[in-house]
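Dumped structure_2.tsv below, it's TSV, C-alpha atoms and all ligand atoms:
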```tsv
chain	number	residue	atom	x	y	z
A	205	MET	CA	16.98	-61.54	8.60
A	206	PRO	CA	14.03	-62.74	10.69
A	207	THR	CA	14.94	-63.45	14.29
A	208	GLN	CA	13.13	-65.54	16.84
A	209	THR	CA	12.17	-64.96	20.44
A	210	ASP	CA	12.50	-67.85	22.88
A	211	ALA	CA	9.10	-68.70	24.24
A	212	GLY	CA	8.51	-67.07	27.60
A	213	ALA	CA	11.95	-65.51	27.61
A	214	GLY	CA	11.45	-62.39	25.49
A	215	ARG	CA	14.98	-62.69	24.14
A	216	VAL	CA	15.90	-62.46	20.46
A	217	ARG	CA	18.11	-65.06	18.86
A	218	ARG	CA	19.24	-65.95	15.35
A	219	PRO	CA	17.58	-68.94	13.68
A	220	SER	CA	19.79	-71.99	14.21
A	221	VAL	CA	20.48	-75.08	12.15
A	222	THR	CA	18.17	-76.93	14.53
A	223	ASP	CA	15.35	-74.48	13.69
A	224	VAL	CA	15.94	-75.11	9.97
A	225	ALA	CA	15.85	-78.88	10.51
A	226	ARG	CA	12.62	-78.67	12.49
A	227	LEU	CA	10.89	-76.47	9.86
A	228	ALA	CA	12.05	-78.68	6.99
A	229	GLY	CA	11.17	-81.86	8.87
A	230	VAL	CA	14.66	-83.35	8.48
A	231	SER	CA	17.56	-84.20	10.80
A	232	VAL	CA	20.18	-81.63	11.66
A	233	GLY	CA	22.67	-83.84	9.87
A	234	THR	CA	20.68	-83.44	6.64
A	235	VAL	CA	20.83	-79.66	7.01
A	236	SER	CA	24.58	-80.02	7.52
A	237	ASN	CA	24.82	-82.04	4.30
A	238	VAL	CA	22.76	-79.49	2.33
A	239	LEU	CA	25.18	-76.78	3.52
A	240	ASN	CA	28.39	-78.74	3.02
A	241	ARG	CA	27.73	-81.71	0.70
A	242	PRO	CA	24.51	-80.88	-1.22
A	243	ASP	CA	25.21	-83.64	-3.72
A	244	ARG	CA	24.50	-86.16	-0.99
A	245	VAL	CA	20.93	-84.94	-0.51
A	246	ALA	CA	17.97	-85.90	-2.71
A	247	GLY	CA	16.63	-83.01	-4.75
A	248	ALA	CA	13.21	-82.73	-3.08
A	249	THR	CA	14.74	-82.84	0.40
A	250	ARG	CA	17.43	-80.34	-0.59
A	251	GLU	CA	14.74	-77.98	-1.88
A	252	ARG	CA	12.75	-78.29	1.35
A	253	VAL	CA	15.81	-77.44	3.42
A	254	LEU	CA	16.78	-74.50	1.19
A	255	ALA	CA	13.21	-73.22	1.42
A	256	ALA	CA	13.38	-73.42	5.22
A	257	ILE	CA	16.73	-71.60	5.22
A	258	GLU	CA	15.17	-68.90	3.07
A	259	GLU	CA	12.02	-68.66	5.16
A	260	LEU	CA	13.95	-68.41	8.45
A	261	GLY	CA	16.68	-66.24	7.02
A	262	PHE	CA	19.25	-68.66	8.44
A	263	VAL	CA	22.88	-67.69	7.95
A	264	ARG	CA	25.90	-69.55	9.13
A	265	ASN	CA	27.03	-68.48	12.57
A	266	ALA	CA	28.73	-65.11	12.19
A	267	SER	CA	31.16	-65.77	15.01
A	268	ALA	CA	32.18	-69.02	13.32
A	269	ARG	CA	32.65	-67.10	10.04
A	270	GLN	CA	35.06	-64.83	11.89
A	271	LEU	CA	36.76	-67.91	13.24
A	272	ARG	CA	37.25	-69.14	9.69
A	273	SER	CA	39.25	-66.00	8.99
A	274	GLY	CA	42.09	-67.87	10.64
A	275	GLU	CA	41.59	-66.60	14.17
A	276	ILE	CA	40.44	-69.69	16.14
A	277	THR	CA	38.81	-72.72	14.61
A	278	THR	CA	39.08	-75.27	17.42
A	279	ILE	CA	36.54	-76.25	20.06
A	280	GLY	CA	37.66	-78.33	23.03
A	281	ALA	CA	35.62	-81.07	24.69
A	282	VAL	CA	36.48	-82.84	27.96
A	283	LEU	CA	34.18	-85.85	28.34
A	284	LEU	CA	34.23	-88.54	31.03
A	285	ASP	CA	35.49	-91.48	28.96
A	286	ILE	CA	35.68	-91.53	25.16
A	287	ALA	CA	36.10	-95.32	25.28
A	288	ASN	CA	32.41	-95.43	26.33
A	289	PRO	CA	30.28	-95.56	23.13
A	290	PHE	CA	27.91	-93.10	24.81
A	291	PHE	CA	30.53	-90.36	24.61
A	292	THR	CA	31.79	-91.49	21.21
A	293	GLU	CA	28.32	-90.86	19.78
A	294	ILE	CA	28.14	-87.52	21.59
A	295	ALA	CA	31.50	-86.55	20.08
A	296	ARG	CA	30.14	-87.35	16.63
A	297	GLY	CA	27.21	-85.03	17.23
A	298	ILE	CA	29.60	-82.25	18.30
A	299	GLU	CA	31.78	-82.83	15.25
A	300	ASP	CA	28.82	-82.76	12.84
A	301	ARG	CA	27.65	-79.42	14.23
A	302	LEU	CA	31.17	-77.91	14.07
A	303	ALA	CA	31.53	-79.10	10.46
A	304	VAL	CA	28.66	-76.78	9.50
A	305	ASP	CA	30.97	-73.88	10.32
A	306	ASP	CA	34.25	-75.53	9.25
A	307	LEU	CA	35.42	-75.82	12.86
A	308	THR	CA	37.41	-78.65	14.41
A	309	LEU	CA	37.14	-80.63	17.64
A	310	MET	CA	39.84	-81.35	20.23
A	311	LEU	CA	38.73	-84.24	22.47
A	312	ALA	CA	39.92	-85.51	25.88
A	313	SER	CA	38.76	-87.87	28.66
A	314	SER	CA	38.76	-86.82	32.31
A	315	ASP	CA	38.21	-90.45	33.46
A	316	GLU	CA	36.02	-88.95	36.20
A	317	ASN	CA	39.27	-87.59	37.73
A	318	PRO	CA	39.16	-83.90	38.78
A	319	ASP	CA	42.97	-83.51	38.52
A	320	ARG	CA	43.01	-84.94	34.99
A	321	GLU	CA	40.06	-82.70	34.11
A	322	ALA	CA	41.89	-79.63	35.48
A	323	ARG	CA	44.98	-80.50	33.39
A	324	TYR	CA	42.96	-80.66	30.18
A	325	LEU	CA	41.12	-77.43	31.00
A	326	ARG	CA	44.52	-75.74	31.40
A	327	LEU	CA	45.89	-77.27	28.18
A	328	PHE	CA	42.82	-76.29	26.16
A	329	ALA	CA	42.92	-72.74	27.55
A	330	GLU	CA	46.65	-72.51	26.68
A	331	HIS	CA	45.84	-73.85	23.21
A	332	GLY	CA	43.37	-70.99	22.91
A	333	VAL	CA	40.27	-72.97	22.02
A	334	ARG	CA	37.31	-70.85	20.93
A	335	GLY	CA	34.97	-72.58	23.36
A	336	LEU	CA	34.76	-75.59	25.64
A	337	LEU	CA	32.26	-78.40	26.15
A	338	ALA	CA	32.65	-80.38	29.35
A	339	THR	CA	31.04	-83.20	31.31
A	340	PRO	CA	32.05	-82.37	34.90
A	341	SER	CA	34.03	-85.18	36.52
A	342	HIS	CA	32.61	-84.40	39.96
A	343	GLY	CA	30.12	-82.13	41.70
A	344	SER	CA	32.06	-78.86	41.45
A	345	ILE	CA	31.95	-76.68	38.33
A	346	ASP	CA	34.21	-73.98	39.77
A	347	ALA	CA	37.08	-74.87	37.41
A	348	LEU	CA	34.72	-74.53	34.43
A	349	LEU	CA	33.42	-71.17	35.63
A	350	ALA	CA	37.06	-70.04	35.92
A	351	VAL	CA	37.64	-70.99	32.26
A	352	GLN	CA	34.59	-68.98	31.23
A	353	ASP	CA	35.83	-66.04	33.30
A	354	LYS	CA	38.93	-66.07	31.06
A	355	GLY	CA	36.69	-65.36	28.09
A	356	ILE	CA	36.36	-68.94	26.79
A	357	PRO	CA	32.64	-69.81	26.66
A	358	VAL	CA	31.74	-73.11	28.33
A	359	VAL	CA	28.70	-75.35	27.88
A	360	LEU	CA	28.09	-78.30	30.21
A	361	LEU	CA	27.33	-81.61	28.52
A	362	ASP	CA	25.37	-84.41	30.23
A	363	HIS	CA	24.98	-82.13	33.26
A	364	VAL	CA	22.30	-79.57	34.12
A	365	SER	CA	23.96	-76.26	34.91
A	366	PRO	CA	23.37	-75.15	38.53
A	367	VAL	CA	23.95	-71.52	37.51
A	368	PRO	CA	22.34	-69.37	34.78
A	369	GLU	CA	25.65	-68.16	33.34
A	370	LEU	CA	26.59	-71.60	32.00
A	371	GLY	CA	24.69	-73.18	29.14
A	372	SER	CA	24.01	-76.88	29.46
A	373	VAL	CA	22.54	-79.92	27.73
A	374	ALA	CA	21.46	-82.96	29.70
A	375	VAL	CA	18.94	-85.72	30.06
A	376	ASP	CA	16.46	-86.05	32.91
A	377	ASP	CA	18.06	-89.12	34.48
A	378	VAL	CA	15.62	-89.22	37.40
A	379	THR	CA	12.80	-89.81	34.90
A	380	GLY	CA	15.01	-92.16	32.89
A	381	ALA	CA	15.68	-94.46	35.81
A	382	GLY	CA	11.98	-94.29	36.67
A	383	LEU	CA	11.13	-95.61	33.19
A	384	ALA	CA	13.41	-98.61	33.76
A	385	ILE	CA	12.04	-99.47	37.20
A	386	THR	CA	8.41	-98.96	36.16
A	387	HIS	CA	8.98	-101.38	33.28
A	388	LEU	CA	10.47	-104.01	35.61
A	389	LEU	CA	7.61	-103.58	38.09
A	390	GLU	CA	5.12	-103.98	35.22
A	391	GLN	CA	6.89	-107.23	34.36
A	392	GLY	CA	6.15	-108.43	37.91
A	393	HIS	CA	9.57	-107.98	39.50
A	394	ARG	CA	9.52	-106.99	43.18
A	395	ARG	CA	13.18	-107.53	44.12
A	396	ILE	CA	15.55	-105.65	41.83
A	397	ALA	CA	19.35	-105.37	41.88
A	398	PHE	CA	20.81	-101.99	40.94
A	399	VAL	CA	24.39	-101.77	39.62
A	400	ASN	CA	25.45	-98.18	40.21
A	401	GLY	CA	28.63	-96.09	40.23
A	402	PRO	CA	30.08	-93.62	42.72
A	403	MET	CA	27.92	-90.90	44.27
A	404	THR	CA	30.51	-88.36	43.09
A	405	LEU	CA	28.95	-88.67	39.63
A	406	ARG	CA	25.76	-86.69	39.05
A	407	GLN	CA	24.47	-89.36	36.68
A	408	CYS	CA	24.71	-92.03	39.39
A	409	VAL	CA	23.04	-89.80	42.00
A	410	ASP	CA	20.11	-88.86	39.73
A	411	ARG	CA	19.54	-92.41	38.50
A	412	ARG	CA	19.50	-93.70	42.07
A	413	ASP	CA	17.03	-90.97	42.99
A	414	GLY	CA	14.82	-92.11	40.12
A	415	VAL	CA	14.99	-95.73	41.28
A	416	VAL	CA	14.13	-94.93	44.90
A	417	GLN	CA	11.36	-92.47	44.00
A	418	THR	CA	9.70	-94.93	41.62
A	419	LEU	CA	9.78	-97.84	44.06
A	420	THR	CA	8.29	-95.60	46.76
A	421	GLU	CA	5.60	-94.28	44.39
A	422	HIS	CA	4.60	-97.88	43.75
A	423	GLY	CA	4.21	-98.54	47.49
A	424	LEU	CA	7.44	-100.55	47.82
A	425	ASP	CA	10.09	-100.12	50.50
A	426	PRO	CA	13.43	-99.56	48.70
A	427	ALA	CA	15.22	-101.20	51.65
A	428	GLU	CA	13.33	-104.41	50.84
A	429	ALA	CA	12.87	-104.19	47.06
A	430	LEU	CA	16.34	-102.92	46.15
A	431	VAL	CA	19.70	-104.75	46.25
A	432	GLU	CA	22.38	-102.12	45.57
A	433	LEU	CA	25.64	-103.25	43.93
A	434	GLY	CA	28.24	-100.47	43.98
A	435	VAL	CA	30.99	-100.30	41.33
A	436	ASP	CA	33.94	-97.91	41.11
A	437	ASN	CA	34.05	-97.91	37.30
A	438	LEU	CA	31.14	-97.86	34.86
A	439	ASN	CA	32.54	-100.52	32.54
A	440	ALA	CA	31.78	-104.15	31.58
A	441	ASP	CA	34.34	-105.76	33.92
A	442	ALA	CA	32.87	-103.89	36.89
A	443	GLY	CA	29.37	-104.99	35.89
A	444	ALA	CA	30.46	-108.64	35.63
A	445	ALA	CA	32.20	-108.51	39.03
A	446	ALA	CA	29.10	-106.99	40.63
A	447	LEU	CA	26.93	-109.78	39.24
A	448	ASP	CA	29.39	-112.46	40.44
A	449	ASP	CA	29.11	-110.90	43.90
A	450	LEU	CA	25.30	-110.95	43.74
A	451	LEU	CA	25.14	-114.62	42.72
A	452	ASP	CA	27.47	-115.56	45.60
A	453	ARG	CA	25.19	-113.94	48.18
A	454	PRO	CA	22.91	-116.12	50.33
A	455	GLY	CA	19.18	-115.52	50.55
A	456	PRO	CA	16.46	-114.82	47.96
A	457	ARG	CA	17.95	-113.74	44.62
A	458	PRO	CA	16.55	-110.68	42.81
A	459	THR	CA	14.77	-111.51	39.55
A	460	ALA	CA	15.97	-108.38	37.70
A	461	VAL	CA	19.03	-106.12	37.42
A	462	PHE	CA	18.95	-102.45	36.45
A	463	CYS	CA	22.39	-101.14	35.40
A	464	VAL	CA	23.51	-97.52	35.49
A	465	ASN	CA	24.74	-97.77	31.89
A	466	ASP	CA	24.96	-100.20	28.98
A	467	LEU	CA	28.64	-101.02	29.56
A	468	THR	CA	27.95	-102.38	33.04
A	469	ALA	CA	24.88	-104.17	31.65
A	470	LEU	CA	27.12	-105.84	29.05
A	471	GLY	CA	29.27	-107.21	31.89
A	472	VAL	CA	26.18	-108.35	33.81
A	473	LEU	CA	24.93	-110.26	30.75
A	474	ARG	CA	28.35	-111.87	30.32
A	475	ALA	CA	28.39	-113.03	33.96
A	476	LEU	CA	24.83	-114.37	33.76
A	477	ARG	CA	25.78	-116.35	30.66
A	478	GLU	CA	28.89	-117.74	32.38
A	479	HIS	CA	26.76	-118.78	35.37
A	480	GLY	CA	24.12	-120.34	33.12
A	481	VAL	CA	21.35	-118.00	34.34
A	482	PRO	CA	18.74	-117.60	31.57
A	483	VAL	CA	17.79	-114.03	30.59
A	484	PRO	CA	15.10	-112.81	31.06
A	485	GLU	CA	13.44	-116.00	32.40
A	486	GLU	CA	15.48	-116.11	35.64
A	487	MET	CA	17.06	-112.64	35.55
A	488	ALA	CA	15.81	-109.66	33.55
A	489	VAL	CA	18.40	-107.01	32.64
A	490	VAL	CA	17.93	-103.32	31.80
A	491	GLY	CA	20.71	-100.92	30.82
A	492	TYR	CA	20.97	-97.16	30.22
A	493	ASP	CA	22.11	-95.17	27.13
A	494	ASP	CA	21.00	-97.53	24.32
A	495	VAL	CA	24.40	-97.42	22.65
A	496	SER	CA	24.80	-99.04	19.24
A	497	PHE	CA	25.68	-102.54	20.49
A	498	ALA	CA	22.57	-102.80	22.74
A	499	SER	CA	20.32	-104.02	19.93
A	500	MET	CA	22.99	-106.30	18.42
A	501	LEU	CA	23.61	-108.57	21.44
A	502	THR	CA	22.62	-112.26	21.37
A	503	THR	CA	20.00	-111.23	23.93
A	504	PRO	CA	19.21	-107.68	22.77
A	505	LEU	CA	19.35	-105.27	25.71
A	506	THR	CA	16.43	-103.26	27.01
A	507	SER	CA	17.80	-99.80	27.68
A	508	VAL	CA	16.89	-96.22	28.50
A	509	ARG	CA	17.79	-94.37	25.32
A	510	GLN	CA	19.68	-91.10	25.54
A	511	PRO	CA	19.71	-88.91	22.37
A	512	MET	CA	23.50	-89.05	22.18
A	513	HIS	CA	24.13	-87.45	18.78
A	514	THR	CA	21.55	-84.75	19.49
A	515	LEU	CA	23.11	-84.05	22.91
A	516	GLY	CA	26.46	-83.39	21.25
A	517	TRP	CA	25.00	-81.38	18.38
A	518	THR	CA	22.82	-79.23	20.65
A	519	ALA	CA	25.68	-78.50	23.08
A	520	ALA	CA	27.94	-77.39	20.22
A	521	ASP	CA	25.10	-75.32	18.73
A	522	ILE	CA	24.52	-73.51	22.03
A	523	LEU	CA	28.26	-72.90	22.39
A	524	LEU	CA	28.56	-71.40	18.89
A	525	ARG	CA	25.64	-69.11	19.60
A	526	SER	CA	27.05	-68.03	22.98
A	527	GLY	CA	27.21	-64.33	23.50
A	528	ALA	CA	23.77	-63.89	21.92
A	529	GLY	CA	21.76	-63.58	25.10
A	530	GLU	CA	21.52	-65.74	28.22
A	531	PRO	CA	22.98	-69.23	27.75
A	532	GLU	CA	20.39	-71.91	27.05
A	533	GLN	CA	19.87	-74.92	29.28
A	534	VAL	CA	18.24	-77.86	27.50
A	535	VAL	CA	16.99	-81.00	29.22
A	536	PHE	CA	15.86	-83.98	27.16
A	537	THR	CA	13.49	-86.66	28.43
A	538	PRO	CA	14.85	-90.13	27.64
A	539	GLU	CA	12.83	-93.02	26.26
A	540	LEU	CA	12.65	-96.71	27.13
A	541	VAL	CA	13.46	-99.23	24.40
A	542	VAL	CA	12.18	-102.67	25.39
A	543	ARG	CA	14.02	-105.74	24.05
A	544	ALA	CA	14.45	-109.41	24.90
A	545	SER	CA	16.71	-108.91	27.95
A	546	SER	CA	13.66	-107.92	30.01
A	547	ASP	CA	10.60	-108.95	28.01
A	548	PRO	CA	10.08	-112.35	26.32
A	549	ALA	CA	7.83	-110.61	23.79
A	550	PRO	CA	9.62	-107.30	23.30
A	551	GLU	CA	8.46	-104.32	21.26
A	552	ALA	CA	11.84	-103.14	20.03
A	553	ARG	CA	10.64	-99.62	19.54
A	554	PRO	CA	10.59	-96.72	22.02
A	555	ARG	CA	7.57	-96.70	24.28
A	556	PHE	CA	7.98	-93.05	25.13
A	557	GLY	CA	8.74	-90.27	22.71
A	558	LEU	CA	11.76	-88.01	22.97
A	559	ALA	CA	11.03	-84.55	24.26
A	560	ALA	CA	13.13	-81.61	25.31
A	561	THR	CA	12.64	-78.60	27.53
A	562	ARG	CA	14.53	-75.61	26.25
A	563	ARG	CA	14.80	-72.51	28.34
A	564	GLY	CA	17.07	-69.54	28.23
A	565	GLY	CA	16.89	-69.49	32.01
A	566	ARG	CA	16.60	-72.35	34.44
A	567	ILE	CA	14.26	-75.24	33.92
A	568	ALA	CA	11.06	-74.57	35.88
A	569	GLY	CA	11.10	-76.70	39.00
A	570	TRP	CA	14.51	-78.13	38.15
A	571	PRO	CA	16.60	-78.72	41.31
A	572	ARG	CA	19.47	-76.22	41.81
B	601	LIG	O1	29.75	-91.83	32.08
B	601	LIG	C1	28.91	-92.71	32.71
B	601	LIG	C2	27.52	-92.66	32.13
B	601	LIG	O2	26.96	-91.35	32.31
B	601	LIG	C3	27.44	-92.92	30.65
B	601	LIG	O3	27.36	-94.28	30.33
B	601	LIG	C4	26.17	-92.20	30.31
B	601	LIG	O4	25.05	-92.91	30.83
B	601	LIG	C5	26.40	-90.92	31.07
B	601	LIG	O5	25.18	-90.22	31.26
```

As structure tokens, what does this structure read like?
Ligand code: RIB
Amino acid sequence: MPTQTDAGAGRVRRPSVTDVARLAGVSVGTVSNVLNRPDRVAGATRERVLAAIEELGFVRNASARQLRSGEITTIGAVLLDIANPFFTEIARGIEDRLAVDDLTLMLASSDENPDREARYLRLFAEHGVRGLLATPSHGSIDALLAVQDKGIPVVLLDHVSPVPELGSVAVDDVTGAGLAITHLLEQGHRRIAFVNGPMTLRQCVDRRDGVVQTLTEHGLDPAEALVELGVDNLNADAGAAALDDLLDRPGPRPTAVFCVNDLTALGVLRALREHGVPVPEEMAVVGYDDVSFASMLTTPLTSVRQPMHTLGWTAADILLRSGAGEPEQVVFTPELVVRASSDPAPEARPRFGLAATRRGGRIAGWPR
């Protein structure tokens, strides 16, 4: 069976479903269907995938095969909030990858609460899950390292691992926030509100860094150009309350709002509608995630797209290949999708392609 060596890493690894999809020029979901539900795939496509499987010598994950022998067939995932469509789509990506090897998913929300996270980590370990995917609820990953020390492999999701022994899959949120702010600056905005969550969340810290860096790079003083609106929860009600607060403030009103995620942006749009503020004419709005509802709103939402399904799939794929060399740490670069909430003449297609940096070790230049 041919094996592959990660570029620049010199390690050997088995061809993965993602490798098959790339060679065949199809999605990983299509490969999954060819393996599990071939009748759902058109003949020519099925042949292309089978040829790629043959050429790469892909075989289903041996460790998963062992799992199917009745040992352990469950993978646990502790995400921040499965009521957020961002994580729902991620969970679907995880599930689709596990289905390739007839494995099942056990899902929980930490609600950004370290104690709740710790309880689920204990429950999943007691349940004897084969592996664990987790979005850390706060800065520390010590509890997750402790789980891995018990022999349960862990992969971080939506979080760049600060240590080489933990695999991880994330998005470069500093760049993502920079895409949003650059777009608003290009539209002529010079005073921008920023709805952001607690600094205990890595996503909020990185997105704020991206905002501040981009304003500075464009010669603007963040203290002048930025109006920060802090929220405790990253949901629609918190976004609406933040916008109500902004509209009650005296002084010159910002002409744009950048929101840390699409749920808060949904609340901001609702509040602007209730106050009769036209979007984008008097207030442009940009969100983050590009969840499914973003394009369906009365005023479709400009958003920084995260590859949600691929994040979930890739994290599960890394987990199922754990033990075969140093854990991988993948960082995707997000893309900006411009729609009517920020541009009267939107191009509703990504302006920047999706890319990923895959390394067995740490990402070159990536902050520890
Ligand atoms: O969980 C809060 C946010 O962080 C989500 O909406 C998504 O953007 C994640 O990265």

### Task
For a cut-off of 9 Å around (21.9, -90.8, 24.0), file coordinates, pick out all residues using all atoms listed in the file and list them as a list of chain:residue names.
A:Phe290, A:Phe291, A:Glu293, A:Ile294, A:Val375, A:Tyr492, A:Asp493, A:Asp494, A:Val495, A:Val508, A:Arg509, A:Gln510, A:Pro511, A:Met512, A:His513, A:Thr514, A:Leu515, A:Pro538

Determine, for each residue of chain A having at least one atom at most 9 Å from an atom of ligand LIG 601 (chain B), the closest pair of atoms and their separation in Å to one decimal, counting all atoms listed in the file; order by chain and ascending number, as CSV.
```
residue,atom,partner,partner_atom,distance
A:Leu283,CA,B:LIG601,O1,8.3
A:Leu284,CA,B:LIG601,O1,5.7
A:Asp285,CA,B:LIG601,O1,6.5
A:Asn288,CA,B:LIG601,O3,6.5
A:Pro289,CA,B:LIG601,O3,7.9
A:Phe290,CA,B:LIG601,O3,5.7
A:Phe291,CA,B:LIG601,C3,7.3
A:Asp315,CA,B:LIG601,O1,8.7
A:Glu316,CA,B:LIG601,O1,8.0
A:Thr339,CA,B:LIG601,O1,8.8
A:Asp362,CA,B:LIG601,O5,5.9
A:His363,CA,B:LIG601,O5,8.3
A:Ala374,CA,B:LIG601,O5,8.3
A:Val375,CA,B:LIG601,O5,7.8
A:Asp377,CA,B:LIG601,O5,7.9
A:Gly401,CA,B:LIG601,C1,8.2
A:Leu405,CA,B:LIG601,C1,8.0
A:Arg406,CA,B:LIG601,O2,8.3
A:Gln407,CA,B:LIG601,O2,5.4
A:Cys408,CA,B:LIG601,O2,7.5
A:Asn437,CA,B:LIG601,C1,8.6
A:Leu438,CA,B:LIG601,C1,6.0
A:Asn439,CA,B:LIG601,O3,8.4
A:Val464,CA,B:LIG601,O4,6.7
A:Asn465,CA,B:LIG601,O3,4.6
A:Asp466,CA,B:LIG601,O3,6.5
A:Leu467,CA,B:LIG601,O3,6.9
A:Thr468,CA,B:LIG601,O3,8.6
A:Tyr492,CA,B:LIG601,O4,5.9
A:Asp493,CA,B:LIG601,O4,5.2
A:Asp494,CA,B:LIG601,O4,9.0
A:Val495,CA,B:LIG601,O3,8.8
A:Gln510,CA,B:LIG601,O4,7.8
```

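Between CA of Ala498 (chain A) and CA of Ala429 (chain A) there is a distance of 26.2 Å.
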
### Residue list as a list of chain:residue names for point (8.2, -75.5, 6.0), cut-off 6 Å, only C-alpha atoms
A:Leu227, A:Ala228, A:Ala256

Please produce a file of the residues just selected, as a PDB file, in the frame of the given file, where the atoms kept are C-alpha atoms.
```pdb
ATOM      1  CA  LEU A 227      10.890 -76.470   9.860  1.00  0.00           C
ATOM      2  CA  ALA A 228      12.050 -78.680   6.990  1.00  0.00           C
ATOM      3  CA  ALA A 256      13.380 -73.420   5.220  1.00  0.00           C
TER       4      ALA A 256
END
```

### Contact residues around Ile345 (chain A) with only C-alpha atoms at 12 Å, ignoring same-chain residues under 4 positions, as a ChimeraX atom specification
/A:318,321-322,325,338-341,349-352,358-361,363-367,369-370,372,406

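Proximity of A:Glu485, A:Glu275, A:Asp305, A:Asp521 to Leu336 (chain A), computed with only C-alpha atoms, is greatest for A:Asp521.
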
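Interatomic distance, CA of Val461 (chain A) against CA of Asp376 (chain A): 20.7 Å.
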
### Task
Check the smallest atom-to-atom distance from each of A:Glu390, A:Glu421, A:Gly280, A:His342 to Glu330 (chain A) using all atoms listed in the file, then report the winner.
A:Gly280

### Task
Find the residues around Pro482 (chain A) up to 12 Å (all atoms listed in the file counted), leave out those fewer than 3 positions away in its own chain, and share them as an MDAnalysis selection string.
chainID A and resid 459:460 473:479 485:489 503 544:546 548

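Note that CA of Thr292 (chain A) and CA of Val373 (chain A) are 16.2 Å apart.
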
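Among the candidate residues A:Val541, A:Leu424, A:Leu337, A:Leu470, the one lying nearest to Thr518 (chain A) is A:Leu337, with distances computed using only C-alpha atoms.
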
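Proximity of A:Val235, A:Met403, A:Val416, A:Ile396 to Val378 (chain A), computed with all atoms listed in the file, is greatest for A:Val416.
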
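Here the question is which of A:Asp410, A:Asp223, A:Asp449, A:Asp547 gets nearest to His393 (chain A) using all atoms listed in the file, and that residue is A:Asp547.
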
### Query
Nearest to Gly261 (chain A): which of A:Gly371, A:Gly529, A:Pro219, A:Gly355 is it, counting only C-alpha atoms?
A:Pro219
